[in-house]
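Participant: Before I ask anything, let me first share the structure, which is written out below as structure tokens.
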Amino acid sequence: LAGTAWNWVQTQYGNDTVAAPADPTLYVLTFGADGTVNMQDDCNGLTGTFTEGENGELTIDLQTSTMAACPPESLHDQFVLDLAGVASYLMQDGSMFAAIKFDTGIMEFAPAP
């Protein structure tokens, strides 16, 4: 994952609901070569670290965030909550899929331009 950037496409939850941003380019997850993660979350920026395991395990530890007020239709809170629960990932057909702990959902990401 190091050196890659991704746009959040949607999260499909175990209860068959879906959260999908109107503009995926406002939700960007960037993995640094040094183990850092930077995130654009609609109207806020977040930083933290990530740990990747040999079998697809993934932990994202978000540590700092700007605190701008996002518009009411923003999915920023859901995006951050879902990322904090990620347990593993896989790549398929050029997309990244991240599984949220306890089989609660799957986040889908497309490569960021």
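Chains: A, B, ... in order of the structure tokens. Residues: from 1 per chain. Ligands: from 1, in order shown.
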Which polymer residues have any atom within 12 Å of an atom of Glu73 of chain A, counting only C-alpha atoms, with same-chain residues fewer than 2 positions away left out, as a list in words?
Facilitator: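 So, after excluding close chain neighbours, the residues are Ala19, Ala20, Pro21, Ala22, Asp23, Asp42, Cys43, Ala69, Cys70, Pro71, Leu75, His76, Asp77 and Gln78 of chain A.
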Participant: Can you write out the residues you just picked, keeping all heavy atoms, as a short mmCIF file (atom, residue, chain, number, x, y, z; two decimals), in the first residue's frame?
Facilitator:
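As written to disk, again.cif reads:
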data_model
loop_
_atom_site.label_atom_id
_atom_site.label_comp_id
_atom_site.auth_asym_id
_atom_site.auth_seq_id
_atom_site.Cartn_x
_atom_site.Cartn_y
_atom_site.Cartn_z
N ALA A 19 -23.24 3.44 2.15
CA ALA A 19 -22.85 4.85 2.28
C ALA A 19 -21.93 5.14 1.11
O ALA A 19 -20.93 4.45 0.92
CB ALA A 19 -22.13 5.09 3.61
N ALA A 20 -22.28 6.15 0.31
CA ALA A 20 -21.48 6.50 -0.86
C ALA A 20 -21.43 8.02 -0.99
O ALA A 20 -22.48 8.66 -1.05
CB ALA A 20 -22.07 5.88 -2.11
N PRO A 21 -20.23 8.58 -1.04
CA PRO A 21 -20.14 10.03 -1.17
C PRO A 21 -20.59 10.50 -2.55
O PRO A 21 -20.38 9.81 -3.55
CB PRO A 21 -18.65 10.31 -0.95
CG PRO A 21 -17.97 9.06 -1.36
CD PRO A 21 -18.92 7.94 -1.01
N ALA A 22 -21.19 11.67 -2.60
CA ALA A 22 -21.61 12.24 -3.88
C ALA A 22 -20.38 12.53 -4.75
O ALA A 22 -20.43 12.39 -5.97
CB ALA A 22 -22.41 13.51 -3.65
N ASP A 23 -19.27 12.91 -4.11
CA ASP A 23 -18.03 13.21 -4.84
C ASP A 23 -16.87 12.45 -4.19
O ASP A 23 -16.29 12.93 -3.21
CB ASP A 23 -17.77 14.71 -4.83
CG ASP A 23 -16.54 15.09 -5.63
OD1 ASP A 23 -15.83 14.19 -6.14
OD2 ASP A 23 -16.28 16.30 -5.75
N ASP A 42 -13.56 15.03 3.09
CA ASP A 42 -14.47 16.09 2.68
C ASP A 42 -13.86 17.44 3.07
O ASP A 42 -13.03 17.95 2.34
CB ASP A 42 -15.86 15.88 3.28
CG ASP A 42 -16.91 16.78 2.66
OD1 ASP A 42 -16.57 17.65 1.84
OD2 ASP A 42 -18.10 16.63 3.00
N CYS A 43 -14.21 17.98 4.21
CA CYS A 43 -13.74 19.32 4.58
C CYS A 43 -12.61 19.29 5.61
O CYS A 43 -12.18 20.34 6.08
CB CYS A 43 -14.91 20.13 5.10
SG CYS A 43 -15.67 19.37 6.54
N ALA A 69 -16.19 22.51 10.19
CA ALA A 69 -17.57 22.05 10.13
C ALA A 69 -17.91 21.72 8.68
O ALA A 69 -17.82 22.57 7.80
CB ALA A 69 -18.51 23.12 10.66
N CYS A 70 -18.26 20.47 8.44
CA CYS A 70 -18.61 20.03 7.10
C CYS A 70 -20.10 20.28 6.85
O CYS A 70 -20.87 20.38 7.79
CB CYS A 70 -18.30 18.55 6.93
SG CYS A 70 -16.53 18.16 7.03
N PRO A 71 -20.51 20.34 5.58
CA PRO A 71 -21.94 20.52 5.29
C PRO A 71 -22.76 19.33 5.79
O PRO A 71 -22.23 18.23 5.95
CB PRO A 71 -21.98 20.62 3.77
CG PRO A 71 -20.67 20.17 3.26
CD PRO A 71 -19.69 20.25 4.38
N LEU A 75 -20.35 12.93 4.50
CA LEU A 75 -20.21 11.62 5.13
C LEU A 75 -18.90 11.51 5.90
O LEU A 75 -18.40 10.41 6.14
CB LEU A 75 -20.29 10.52 4.06
CG LEU A 75 -21.62 10.40 3.32
CD1 LEU A 75 -21.53 9.33 2.23
CD2 LEU A 75 -22.76 10.11 4.27
N HIS A 76 -18.34 12.66 6.29
CA HIS A 76 -17.02 12.64 6.93
C HIS A 76 -16.98 11.80 8.20
O HIS A 76 -16.04 11.04 8.40
CB HIS A 76 -16.52 14.07 7.20
CG HIS A 76 -17.32 14.84 8.19
ND1 HIS A 76 -16.92 14.99 9.48
CD2 HIS A 76 -18.50 15.47 8.07
CE1 HIS A 76 -17.82 15.71 10.13
NE2 HIS A 76 -18.80 16.01 9.29
N ASP A 77 -17.98 11.89 9.05
CA ASP A 77 -17.98 11.10 10.29
C ASP A 77 -18.01 9.60 9.99
O ASP A 77 -17.30 8.81 10.62
CB ASP A 77 -19.16 11.47 11.19
CG ASP A 77 -19.01 12.84 11.83
OD1 ASP A 77 -17.86 13.31 11.99
OD2 ASP A 77 -20.05 13.45 12.16
N GLN A 78 -18.83 9.19 9.03
CA GLN A 78 -18.95 7.78 8.67
C GLN A 78 -17.64 7.26 8.09
O GLN A 78 -17.20 6.15 8.40
CB GLN A 78 -20.08 7.58 7.67
CG GLN A 78 -20.47 6.13 7.50
CD GLN A 78 -21.00 5.53 8.79
OE1 GLN A 78 -21.91 6.08 9.40
NE2 GLN A 78 -20.46 4.41 9.20
#
Participant: Give one line per residue of segment 48-67 of chain A that approaches segment 97-111 of chain A to at most 10 Å, naming the two atoms of the closest pair and their distance in Å to one decimal, counting only C-alpha atoms; sort by chain then ascending residue number and deliver it as JSON lines.
Facilitator:
{"residue": "A:Gly56", "atom": "CA", "partner": "A:Ala98", "partner_atom": "CA", "distance": 9.4}
{"residue": "A:Glu57", "atom": "CA", "partner": "A:Ala99", "partner_atom": "CA", "distance": 9.4}
{"residue": "A:Leu58", "atom": "CA", "partner": "A:Ala98", "partner_atom": "CA", "distance": 8.2}
Participant: Would you put the residues from that selection into a file with C-alpha atoms, as an mmCIF file, in the first residue's frame?
Facilitator:
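Written output follows (again-v4.cif):
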data_model
loop_
_atom_site.group_PDB
_atom_site.id
_atom_site.type_symbol
_atom_site.label_atom_id
_atom_site.label_comp_id
_atom_site.auth_asym_id
_atom_site.auth_seq_id
_atom_site.Cartn_x
_atom_site.Cartn_y
_atom_site.Cartn_z
ATOM 1 C CA GLY A 56 -3.731 -8.685 4.147
ATOM 2 C CA GLU A 57 -4.162 -7.433 7.694
ATOM 3 C CA LEU A 58 -4.470 -3.652 7.879
#
Participant: How far is it from atom CA of Gln63 of chain A to atom CA of Leu90 of chain A, in Å with one decimal?
Facilitator: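 For atom CA of Gln63 of chain A relative to atom CA of Leu90 of chain A, the distance reads 23.9 Å.
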Participant: Residues near Gln40 of chain A, anyone? I mean within 12 Å using only C-alpha atoms, not counting same-chain ones fewer than 5 positions away, as a list in words.
Facilitator: Ala5, Trp6, Asn7, Trp8, Pro24, Thr25, Leu26, Tyr27, Val28, Leu29, Thr30, Phe31, Gly45, Leu46, Thr47, Gly48, Leu62, Thr64, Ser65, Thr66, Ala68, Leu75, His76, Phe79, Val80 and Ala112 of chain A
Participant: Pull C-alpha atoms from the residues just selected and write them as an mmCIF file, in the first residue's frame.
Facilitator:
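Written output follows (out-v5.cif):
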data_model
loop_
_atom_site.group_PDB
_atom_site.id
_atom_site.type_symbol
_atom_site.label_atom_id
_atom_site.label_comp_id
_atom_site.auth_asym_id
_atom_site.auth_seq_id
_atom_site.Cartn_x
_atom_site.Cartn_y
_atom_site.Cartn_z
ATOM 1 C CA ALA A 5 -3.615 7.039 -2.923
ATOM 2 C CA TRP A 6 -7.275 6.017 -3.036
ATOM 3 C CA ASN A 7 -10.709 7.636 -3.396
ATOM 4 C CA TRP A 8 -13.530 6.236 -1.276
ATOM 5 C CA PRO A 24 -15.432 10.480 -4.133
ATOM 6 C CA THR A 25 -12.572 12.900 -4.915
ATOM 7 C CA LEU A 26 -13.330 14.667 -1.602
ATOM 8 C CA TYR A 27 -12.407 11.481 0.301
ATOM 9 C CA VAL A 28 -8.767 10.532 -0.308
ATOM 10 C CA LEU A 29 -6.672 8.011 1.611
ATOM 11 C CA THR A 30 -2.905 8.225 0.969
ATOM 12 C CA PHE A 31 -0.435 5.655 2.304
ATOM 13 C CA GLY A 45 -7.571 16.581 6.824
ATOM 14 C CA LEU A 46 -6.382 13.759 9.062
ATOM 15 C CA THR A 47 -3.033 12.109 9.661
ATOM 16 C CA GLY A 48 -1.953 8.910 11.342
ATOM 17 C CA LEU A 62 -5.862 8.125 12.860
ATOM 18 C CA THR A 64 -4.760 14.217 14.284
ATOM 19 C CA SER A 65 -7.537 16.036 12.466
ATOM 20 C CA THR A 66 -8.598 19.495 11.494
ATOM 21 C CA ALA A 68 -13.797 22.245 10.189
ATOM 22 C CA LEU A 75 -20.214 11.618 5.127
ATOM 23 C CA HIS A 76 -17.015 12.644 6.930
ATOM 24 C CA PHE A 79 -15.738 7.681 6.617
ATOM 25 C CA VAL A 80 -13.531 8.189 9.689
ATOM 26 C CA ALA A 112 -6.916 8.443 -6.868
#
Participant: Can you list, as an MDAnalysis selection string, every residue of chain A that DSSP puts in strand (DSSP E)?
Facilitator: chainID A and resid 4:13 18:19 27:31 36:41 44:52 58:65 86:92 95:100 105:111
Participant: Return the single residue from A:Ile60, A:Val9, A:Ala2, A:Leu83 that is closest to Asp34 of chain A, with distances computed using only C-alpha atoms.
Facilitator: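 Once distances to Asp34 of chain A are computed over only C-alpha atoms, the minimum belongs to A:Ala2.
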Participant: So which residues of chain A fall under alpha helix (DSSP H) by DSSP, listed as a PyMOL selection string?
Facilitator: chain A and resi 76-84
Participant: Just all heavy atoms for this one: save the residues we selected as a tab-separated table (two decimals), in the first residue's frame.
Facilitator:
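See selection_24.tsv below for the written result:
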chain	number	residue	atom	x	y	z
A	76	HIS	N	-18.34	12.66	6.29
A	76	HIS	CA	-17.02	12.64	6.93
A	76	HIS	C	-16.98	11.80	8.20
A	76	HIS	O	-16.04	11.04	8.40
A	76	HIS	CB	-16.52	14.07	7.20
A	76	HIS	CG	-17.32	14.84	8.19
A	76	HIS	ND1	-16.92	14.99	9.48
A	76	HIS	CD2	-18.50	15.47	8.07
A	76	HIS	CE1	-17.82	15.71	10.13
A	76	HIS	NE2	-18.80	16.01	9.29
A	77	ASP	N	-17.98	11.89	9.05
A	77	ASP	CA	-17.98	11.10	10.29
A	77	ASP	C	-18.01	9.60	9.99
A	77	ASP	O	-17.30	8.81	10.62
A	77	ASP	CB	-19.16	11.47	11.19
A	77	ASP	CG	-19.01	12.84	11.83
A	77	ASP	OD1	-17.86	13.31	11.99
A	77	ASP	OD2	-20.05	13.45	12.16
A	78	GLN	N	-18.83	9.19	9.03
A	78	GLN	CA	-18.95	7.78	8.67
A	78	GLN	C	-17.64	7.26	8.09
A	78	GLN	O	-17.20	6.15	8.40
A	78	GLN	CB	-20.08	7.58	7.67
A	78	GLN	CG	-20.47	6.13	7.50
A	78	GLN	CD	-21.00	5.53	8.79
A	78	GLN	OE1	-21.91	6.08	9.40
A	78	GLN	NE2	-20.46	4.41	9.20
A	79	PHE	N	-17.01	8.06	7.24
A	79	PHE	CA	-15.74	7.68	6.62
A	79	PHE	C	-14.66	7.43	7.68
A	79	PHE	O	-13.99	6.40	7.66
A	79	PHE	CB	-15.31	8.79	5.66
A	79	PHE	CG	-14.08	8.50	4.85
A	79	PHE	CD1	-13.96	7.35	4.09
A	79	PHE	CD2	-13.04	9.41	4.82
A	79	PHE	CE1	-12.82	7.10	3.32
A	79	PHE	CE2	-11.90	9.18	4.05
A	79	PHE	CZ	-11.80	8.02	3.31
A	80	VAL	N	-14.53	8.33	8.63
A	80	VAL	CA	-13.53	8.19	9.69
A	80	VAL	C	-13.85	6.98	10.57
A	80	VAL	O	-12.97	6.19	10.91
A	80	VAL	CB	-13.44	9.48	10.53
A	80	VAL	CG1	-12.57	9.28	11.76
A	80	VAL	CG2	-12.92	10.63	9.68
A	81	LEU	N	-15.10	6.82	10.92
A	81	LEU	CA	-15.51	5.68	11.75
A	81	LEU	C	-15.22	4.36	11.06
A	81	LEU	O	-14.67	3.43	11.67
A	81	LEU	CB	-17.01	5.80	12.07
A	81	LEU	CG	-17.59	4.72	12.96
A	81	LEU	CD1	-16.98	4.79	14.36
A	81	LEU	CD2	-19.10	4.86	13.04
A	82	ASP	N	-15.55	4.27	9.78
A	82	ASP	CA	-15.30	3.03	9.03
A	82	ASP	C	-13.80	2.74	8.94
A	82	ASP	O	-13.36	1.61	9.17
A	82	ASP	CB	-15.88	3.11	7.63
A	82	ASP	CG	-17.40	3.07	7.60
A	82	ASP	OD1	-18.02	2.79	8.65
A	82	ASP	OD2	-17.97	3.33	6.53
A	83	LEU	N	-13.00	3.76	8.63
A	83	LEU	CA	-11.55	3.55	8.52
A	83	LEU	C	-10.94	3.08	9.84
A	83	LEU	O	-10.04	2.26	9.85
A	83	LEU	CB	-10.85	4.83	8.06
A	83	LEU	CG	-10.92	5.10	6.57
A	83	LEU	CD1	-10.29	6.45	6.28
A	83	LEU	CD2	-10.24	4.01	5.77
A	84	ALA	N	-11.42	3.63	10.94
A	84	ALA	CA	-10.89	3.24	12.25
A	84	ALA	C	-11.15	1.77	12.56
A	84	ALA	O	-10.44	1.15	13.34
A	84	ALA	CB	-11.48	4.12	13.34
Participant: Report the distance between atom CA of Phe50 of chain A and atom CA of Gly35 of chain A in Å, rounded to one decimal place.
Facilitator: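 Between atom CA of Phe50 of chain A and atom CA of Gly35 of chain A the gap works out to 5.6 Å.
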Participant: How many Å separate atom CA of Val86 of chain A from atom CA of Pro72 of chain A?
Facilitator: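 Value for the atom CA of Val86 of chain A-atom CA of Pro72 of chain A distance: 24.8 Å.
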Participant: Compare A:Ser88, A:Thr36, A:Ser74, A:Gln10 by their minimum atom-to-atom distance to Glu54 of chain A, counting only C-alpha atoms, and give me the closest one.
Facilitator: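 Comparing A:Ser88, A:Thr36, A:Ser74, A:Gln10 against Glu54 of chain A, the winner is A:Ser88.
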